[in-house]
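Note sheet for the following structure.
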Amino acid sequence: MVTLFSYAGATVPAVPEISRFHGIVIRMFHREHPPPHLHAQFGGYEITVEIGTGAEHGRFPVHALGRVRKWVELHREELLDCWRLARDEKPIPSIPPSE
C-alpha cells in the first residue's frame, strides 16, 4: 500500500518506490534538493546515488552496491526523466528491475 499526501492541490506518493530487485528498494522523493539522485535501501542500509555522476553517499553491502551501480547505468536516462517528474510533483513511473 502506498501512502499518499496532498501538496499544492496534488496527491502524490509520500515515498515513491520506482523499482525493487534482489532485496534492494529504489525510491525517489518528490521536491528533493539537487543534484538529481535516488535512494537505495537494502536491509538496514541506505545510500543515495547521484544519477549523473554515480557518486554514492552512505553505507551499503558490496554485492548490493554493485547491482545498484549496474542498474543506474542501464537506466540513467529514465531516472533523469523520473527526477524531472518528481520535481514537478507528478507521478513517477516504475522502472524495470535488474535481472
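Letters for chains follow the order of the C-alpha cells (A, B, ...), residue numbers begin at 1 for each chain, and ligand numbers begin at 1 in the order shown.
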
| message | Just list as a VMD selection string whatever in range 3-90 of chain A DSSP marks as helix (DSSP H, G or I). | response | chain A and resid 62 to 74 76 to 87

Please report, as CSV, each residue of range 31-79 of chain A lying at most 12 Å from range 87-90 of chain A, together with the nearest pair of atoms and the separation in Å rounded to one decimal; use only C-alpha atoms, and order rows by chain and ascending residue number.
residue,atom,partner,partner_atom,distance
A:Arg31,CA,A:Arg87,CA,4.9
A:Glu32,CA,A:Arg87,CA,6.8
A:His33,CA,A:Arg87,CA,8.8
A:Pro34,CA,A:Arg87,CA,9.6
A:Pro35,CA,A:Arg87,CA,11.3
A:Pro36,CA,A:Arg87,CA,9.4
A:His37,CA,A:Arg87,CA,11.4

Could those selected residues go to a file with N, CA, C and O atoms, as a short mmCIF file (atom, residue, chain, number, x, y, z; two decimals), in the first residue's frame?
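Final file, result29.cif:
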data_model
loop_
_atom_site.label_atom_id
_atom_site.label_comp_id
_atom_site.auth_asym_id
_atom_site.auth_seq_id
_atom_site.Cartn_x
_atom_site.Cartn_y
_atom_site.Cartn_z
N ARG A 31 10.00 16.72 -4.72
CA ARG A 31 10.51 18.00 -4.23
C ARG A 31 11.85 17.85 -3.50
O ARG A 31 12.10 18.50 -2.50
N GLU A 32 12.73 17.02 -4.01
CA GLU A 32 14.05 16.83 -3.42
C GLU A 32 15.01 17.92 -3.86
O GLU A 32 14.81 18.58 -4.87
N HIS A 33 16.08 18.05 -3.12
CA HIS A 33 17.15 19.00 -3.41
C HIS A 33 18.04 18.47 -4.53
O HIS A 33 18.18 17.25 -4.69
N PRO A 34 18.65 19.35 -5.33
CA PRO A 34 19.62 18.90 -6.34
C PRO A 34 20.87 18.39 -5.64
O PRO A 34 21.10 18.71 -4.48
N PRO A 35 21.72 17.65 -6.29
CA PRO A 35 21.64 17.19 -7.67
C PRO A 35 20.66 16.02 -7.78
O PRO A 35 20.29 15.41 -6.76
N PRO A 36 20.23 15.68 -9.01
CA PRO A 36 19.33 14.54 -9.18
C PRO A 36 19.93 13.28 -8.55
O PRO A 36 21.09 12.94 -8.80
N HIS A 37 19.13 12.62 -7.73
CA HIS A 37 19.62 11.44 -7.03
C HIS A 37 18.46 10.50 -6.70
O HIS A 37 17.31 10.88 -6.80
#

| task | Could you find all residues in chain A that DSSP calls strand (DSSP E or B) from the backbone, and write them as a PyMOL selection string? | result | chain A and resi 4-7+10-13+17-21+24-27+37-42+45-50+56-59

Write out as a PDB file with N, CA and C atoms, in the first residue's frame which residues come within 12 Å of Glu46 in chain A when counting only C-alpha atoms, dropping same-chain ones fewer than 3 positions away.
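Output file out-v8.pdb is given in full below:
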ATOM      1  N   ILE A  24      16.655  -5.104  -2.918  1.00  0.00           N
ATOM      2  CA  ILE A  24      17.010  -3.676  -2.940  1.00  0.00           C
ATOM      3  C   ILE A  24      15.772  -2.889  -3.348  1.00  0.00           C
ATOM      4  N   VAL A  25      15.485  -1.838  -2.615  1.00  0.00           N
ATOM      5  CA  VAL A  25      14.352  -0.968  -2.938  1.00  0.00           C
ATOM      6  C   VAL A  25      14.909   0.375  -3.387  1.00  0.00           C
ATOM      7  N   ILE A  26      14.442   0.833  -4.554  1.00  0.00           N
ATOM      8  CA  ILE A  26      14.871   2.118  -5.108  1.00  0.00           C
ATOM      9  C   ILE A  26      13.713   3.089  -4.986  1.00  0.00           C
ATOM     10  N   ARG A  27      13.982   4.256  -4.402  1.00  0.00           N
ATOM     11  CA  ARG A  27      12.954   5.286  -4.218  1.00  0.00           C
ATOM     12  C   ARG A  27      13.468   6.633  -4.704  1.00  0.00           C
ATOM     13  N   LEU A  38      18.814   9.310  -6.275  1.00  0.00           N
ATOM     14  CA  LEU A  38      17.836   8.327  -5.826  1.00  0.00           C
ATOM     15  C   LEU A  38      18.288   7.780  -4.485  1.00  0.00           C
ATOM     16  N   HIS A  39      17.381   7.103  -3.829  1.00  0.00           N
ATOM     17  CA  HIS A  39      17.666   6.459  -2.552  1.00  0.00           C
ATOM     18  C   HIS A  39      17.554   4.958  -2.755  1.00  0.00           C
ATOM     19  N   ALA A  40      18.534   4.209  -2.297  1.00  0.00           N
ATOM     20  CA  ALA A  40      18.512   2.751  -2.376  1.00  0.00           C
ATOM     21  C   ALA A  40      18.587   2.204  -0.953  1.00  0.00           C
ATOM     22  N   GLN A  41      17.755   1.197  -0.685  1.00  0.00           N
ATOM     23  CA  GLN A  41      17.728   0.592   0.639  1.00  0.00           C
ATOM     24  C   GLN A  41      17.873  -0.918   0.496  1.00  0.00           C
ATOM     25  N   PHE A  42      18.663  -1.491   1.364  1.00  0.00           N
ATOM     26  CA  PHE A  42      18.866  -2.935   1.405  1.00  0.00           C
ATOM     27  C   PHE A  42      19.007  -3.312   2.862  1.00  0.00           C
ATOM     28  N   GLY A  43      18.010  -4.008   3.398  1.00  0.00           N
ATOM     29  CA  GLY A  43      18.027  -4.330   4.825  1.00  0.00           C
ATOM     30  C   GLY A  43      18.092  -3.045   5.629  1.00  0.00           C
ATOM     31  N   VAL A  49      22.366   7.898  -4.434  1.00  0.00           N
ATOM     32  CA  VAL A  49      23.233   7.805  -5.604  1.00  0.00           C
ATOM     33  C   VAL A  49      22.894   8.965  -6.526  1.00  0.00           C
ATOM     34  N   GLU A  56      28.132   8.048  -4.669  1.00  0.00           N
ATOM     35  CA  GLU A  56      27.329   7.367  -3.647  1.00  0.00           C
ATOM     36  C   GLU A  56      27.607   7.968  -2.277  1.00  0.00           C
ATOM     37  N   HIS A  57      26.562   8.046  -1.479  1.00  0.00           N
ATOM     38  CA  HIS A  57      26.679   8.580  -0.126  1.00  0.00           C
ATOM     39  C   HIS A  57      25.957   7.622   0.815  1.00  0.00           C
ATOM     40  N   GLY A  58      26.661   7.151   1.805  1.00  0.00           N
ATOM     41  CA  GLY A  58      26.092   6.208   2.757  1.00  0.00           C
ATOM     42  C   GLY A  58      26.846   4.895   2.735  1.00  0.00           C
ATOM     43  N   ARG A  59      26.303   3.898   3.440  1.00  0.00           N
ATOM     44  CA  ARG A  59      26.933   2.577   3.531  1.00  0.00           C
ATOM     45  C   ARG A  59      26.006   1.542   2.927  1.00  0.00           C
ATOM     46  N   PHE A  60      26.599   0.576   2.197  1.00  0.00           N
ATOM     47  CA  PHE A  60      25.831  -0.448   1.506  1.00  0.00           C
ATOM     48  C   PHE A  60      26.720  -1.676   1.342  1.00  0.00           C
ATOM     49  N   PRO A  61      26.171  -2.877   1.452  1.00  0.00           N
ATOM     50  CA  PRO A  61      26.979  -4.072   1.207  1.00  0.00           C
ATOM     51  C   PRO A  61      27.519  -4.085  -0.230  1.00  0.00           C
ATOM     52  N   ALA A  64      25.360  -5.738  -3.058  1.00  0.00           N
ATOM     53  CA  ALA A  64      24.157  -4.967  -3.382  1.00  0.00           C
ATOM     54  C   ALA A  64      24.540  -3.666  -4.095  1.00  0.00           C
ATOM     55  N   LEU A  65      25.639  -3.058  -3.686  1.00  0.00           N
ATOM     56  CA  LEU A  65      26.096  -1.821  -4.313  1.00  0.00           C
ATOM     57  C   LEU A  65      26.423  -2.046  -5.791  1.00  0.00           C
ATOM     58  N   VAL A  68      23.208  -2.052  -7.723  1.00  0.00           N
ATOM     59  CA  VAL A  68      22.643  -0.704  -7.868  1.00  0.00           C
ATOM     60  C   VAL A  68      23.419   0.066  -8.932  1.00  0.00           C
TER      61      VAL A  68
END

| field | Separation of CA of Glu78 in chain A from CA of Ile95 in chain A in Å | value |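 Spanning CA of Ile95 in chain A to CA of Glu78 in chain A is a straight-line distance of 7.5 Å.
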
| Do you know which residues are at most 9 Å from Pro96 in chain A counting only C-alpha atoms, after dropping those on the same chain fewer than 2 positions away, and could you put them as a ChimeraX atom specification? | /A:18-21,75,94,98-99

Residues as selected, N, CA, C and O atoms, written as a compact mmCIF listing (two decimals), in the first residue's frame, can you do that?
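The resulting file, selection.txt, is reproduced below:
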# COMPACT_ATOMS: atom_id res chain seq x y z
N ILE A 18 10.33 3.19 -7.09
CA ILE A 18 10.37 3.10 -8.54
C ILE A 18 10.88 1.76 -9.04
O ILE A 18 10.65 1.40 -10.19
N SER A 19 11.54 0.99 -8.16
CA SER A 19 11.97 -0.35 -8.56
C SER A 19 12.34 -1.15 -7.32
O SER A 19 12.63 -0.58 -6.25
N ARG A 20 12.35 -2.47 -7.50
CA ARG A 20 12.72 -3.39 -6.42
C ARG A 20 13.34 -4.62 -7.07
O ARG A 20 12.76 -5.20 -7.97
N PHE A 21 14.53 -4.98 -6.61
CA PHE A 21 15.21 -6.16 -7.15
C PHE A 21 16.23 -6.68 -6.16
O PHE A 21 16.89 -5.91 -5.48
N HIS A 75 19.77 2.51 -16.62
CA HIS A 75 18.52 3.28 -16.62
C HIS A 75 18.72 4.78 -16.38
O HIS A 75 17.78 5.48 -16.00
N SER A 94 7.31 3.42 -12.65
CA SER A 94 8.23 2.36 -12.24
C SER A 94 9.26 2.13 -13.34
O SER A 94 8.99 2.42 -14.52
N SER A 98 16.40 -4.96 -12.01
CA SER A 98 17.57 -5.65 -12.51
C SER A 98 17.26 -7.14 -12.55
O SER A 98 16.52 -7.65 -11.73
N GLU A 99 17.85 -7.83 -13.48
CA GLU A 99 17.63 -9.29 -13.57
C GLU A 99 18.65 -10.06 -12.79
O GLU A 99 19.66 -9.63 -12.45

| request: Identify, on the basis of only C-alpha atoms, every residue whose closest approach to Glu73 in chain A does not exceed 12 Å; exclude the query and any residue fewer than 2 positions from it along the same chain; express the result as number ranges by chain. | output: A: 49-55, 66-71, 75-80, 98

Export of the given selection (N, CA and C atoms) as an mmCIF file, in the first residue's frame:
data_model
loop_
_atom_site.group_PDB
_atom_site.id
_atom_site.type_symbol
_atom_site.label_atom_id
_atom_site.label_comp_id
_atom_site.auth_asym_id
_atom_site.auth_seq_id
_atom_site.Cartn_x
_atom_site.Cartn_y
_atom_site.Cartn_z
ATOM 1 N N VAL A 49 22.366 7.898 -4.434
ATOM 2 C CA VAL A 49 23.233 7.805 -5.604
ATOM 3 C C VAL A 49 22.894 8.965 -6.526
ATOM 4 N N GLU A 50 23.889 9.775 -6.844
ATOM 5 C CA GLU A 50 23.692 10.863 -7.794
ATOM 6 C C GLU A 50 23.569 10.247 -9.190
ATOM 7 N N ILE A 51 22.491 10.590 -9.878
ATOM 8 C CA ILE A 51 22.198 9.954 -11.159
ATOM 9 C C ILE A 51 23.240 10.310 -12.215
ATOM 10 N N GLY A 52 23.620 11.555 -12.297
ATOM 11 C CA GLY A 52 24.553 11.983 -13.333
ATOM 12 C C GLY A 52 25.963 11.470 -13.154
ATOM 13 N N THR A 53 26.463 11.517 -11.928
ATOM 14 C CA THR A 53 27.865 11.161 -11.673
ATOM 15 C C THR A 53 28.044 9.753 -11.122
ATOM 16 N N GLY A 54 26.993 9.194 -10.545
ATOM 17 C CA GLY A 54 27.110 7.892 -9.893
ATOM 18 C C GLY A 54 27.700 7.979 -8.501
ATOM 19 N N ALA A 55 27.973 9.192 -8.010
ATOM 20 C CA ALA A 55 28.539 9.346 -6.665
ATOM 21 C C ALA A 55 27.570 8.766 -5.633
ATOM 22 N N GLY A 66 27.045 -3.155 -6.105
ATOM 23 C CA GLY A 66 27.354 -3.474 -7.495
ATOM 24 C C GLY A 66 26.090 -3.579 -8.338
ATOM 25 N N ARG A 67 25.052 -4.163 -7.778
ATOM 26 C CA ARG A 67 23.778 -4.278 -8.501
ATOM 27 C C ARG A 67 23.139 -2.915 -8.726
ATOM 28 N N VAL A 68 23.208 -2.052 -7.723
ATOM 29 C CA VAL A 68 22.643 -0.704 -7.868
ATOM 30 C C VAL A 68 23.419 0.066 -8.932
ATOM 31 N N ARG A 69 24.734 -0.011 -8.890
ATOM 32 C CA ARG A 69 25.553 0.697 -9.885
ATOM 33 C C ARG A 69 25.183 0.275 -11.311
ATOM 34 N N LYS A 70 25.089 -1.025 -11.529
ATOM 35 C CA LYS A 70 24.753 -1.534 -12.854
ATOM 36 C C LYS A 70 23.366 -1.064 -13.278
ATOM 37 N N TRP A 71 22.391 -1.127 -12.378
ATOM 38 C CA TRP A 71 21.017 -0.728 -12.675
ATOM 39 C C TRP A 71 20.949 0.760 -13.022
ATOM 40 N N HIS A 75 19.769 2.511 -16.619
ATOM 41 C CA HIS A 75 18.517 3.283 -16.616
ATOM 42 C C HIS A 75 18.720 4.781 -16.378
ATOM 43 N N ARG A 76 19.920 5.286 -16.627
ATOM 44 C CA ARG A 76 20.252 6.683 -16.316
ATOM 45 C C ARG A 76 19.254 7.676 -16.940
ATOM 46 N N GLU A 77 18.935 7.534 -18.214
ATOM 47 C CA GLU A 77 18.022 8.485 -18.862
ATOM 48 C C GLU A 77 16.618 8.399 -18.272
ATOM 49 N N GLU A 78 16.144 7.193 -18.010
ATOM 50 C CA GLU A 78 14.833 7.023 -17.380
ATOM 51 C C GLU A 78 14.812 7.656 -15.986
ATOM 52 N N LEU A 79 15.909 7.490 -15.251
ATOM 53 C CA LEU A 79 15.991 8.063 -13.908
ATOM 54 C C LEU A 79 15.974 9.592 -13.955
ATOM 55 N N LEU A 80 16.638 10.163 -14.938
ATOM 56 C CA LEU A 80 16.602 11.622 -15.078
ATOM 57 C C LEU A 80 15.196 12.101 -15.431
ATOM 58 N N SER A 98 16.396 -4.958 -12.010
ATOM 59 C CA SER A 98 17.569 -5.648 -12.513
ATOM 60 C C SER A 98 17.259 -7.136 -12.552
#
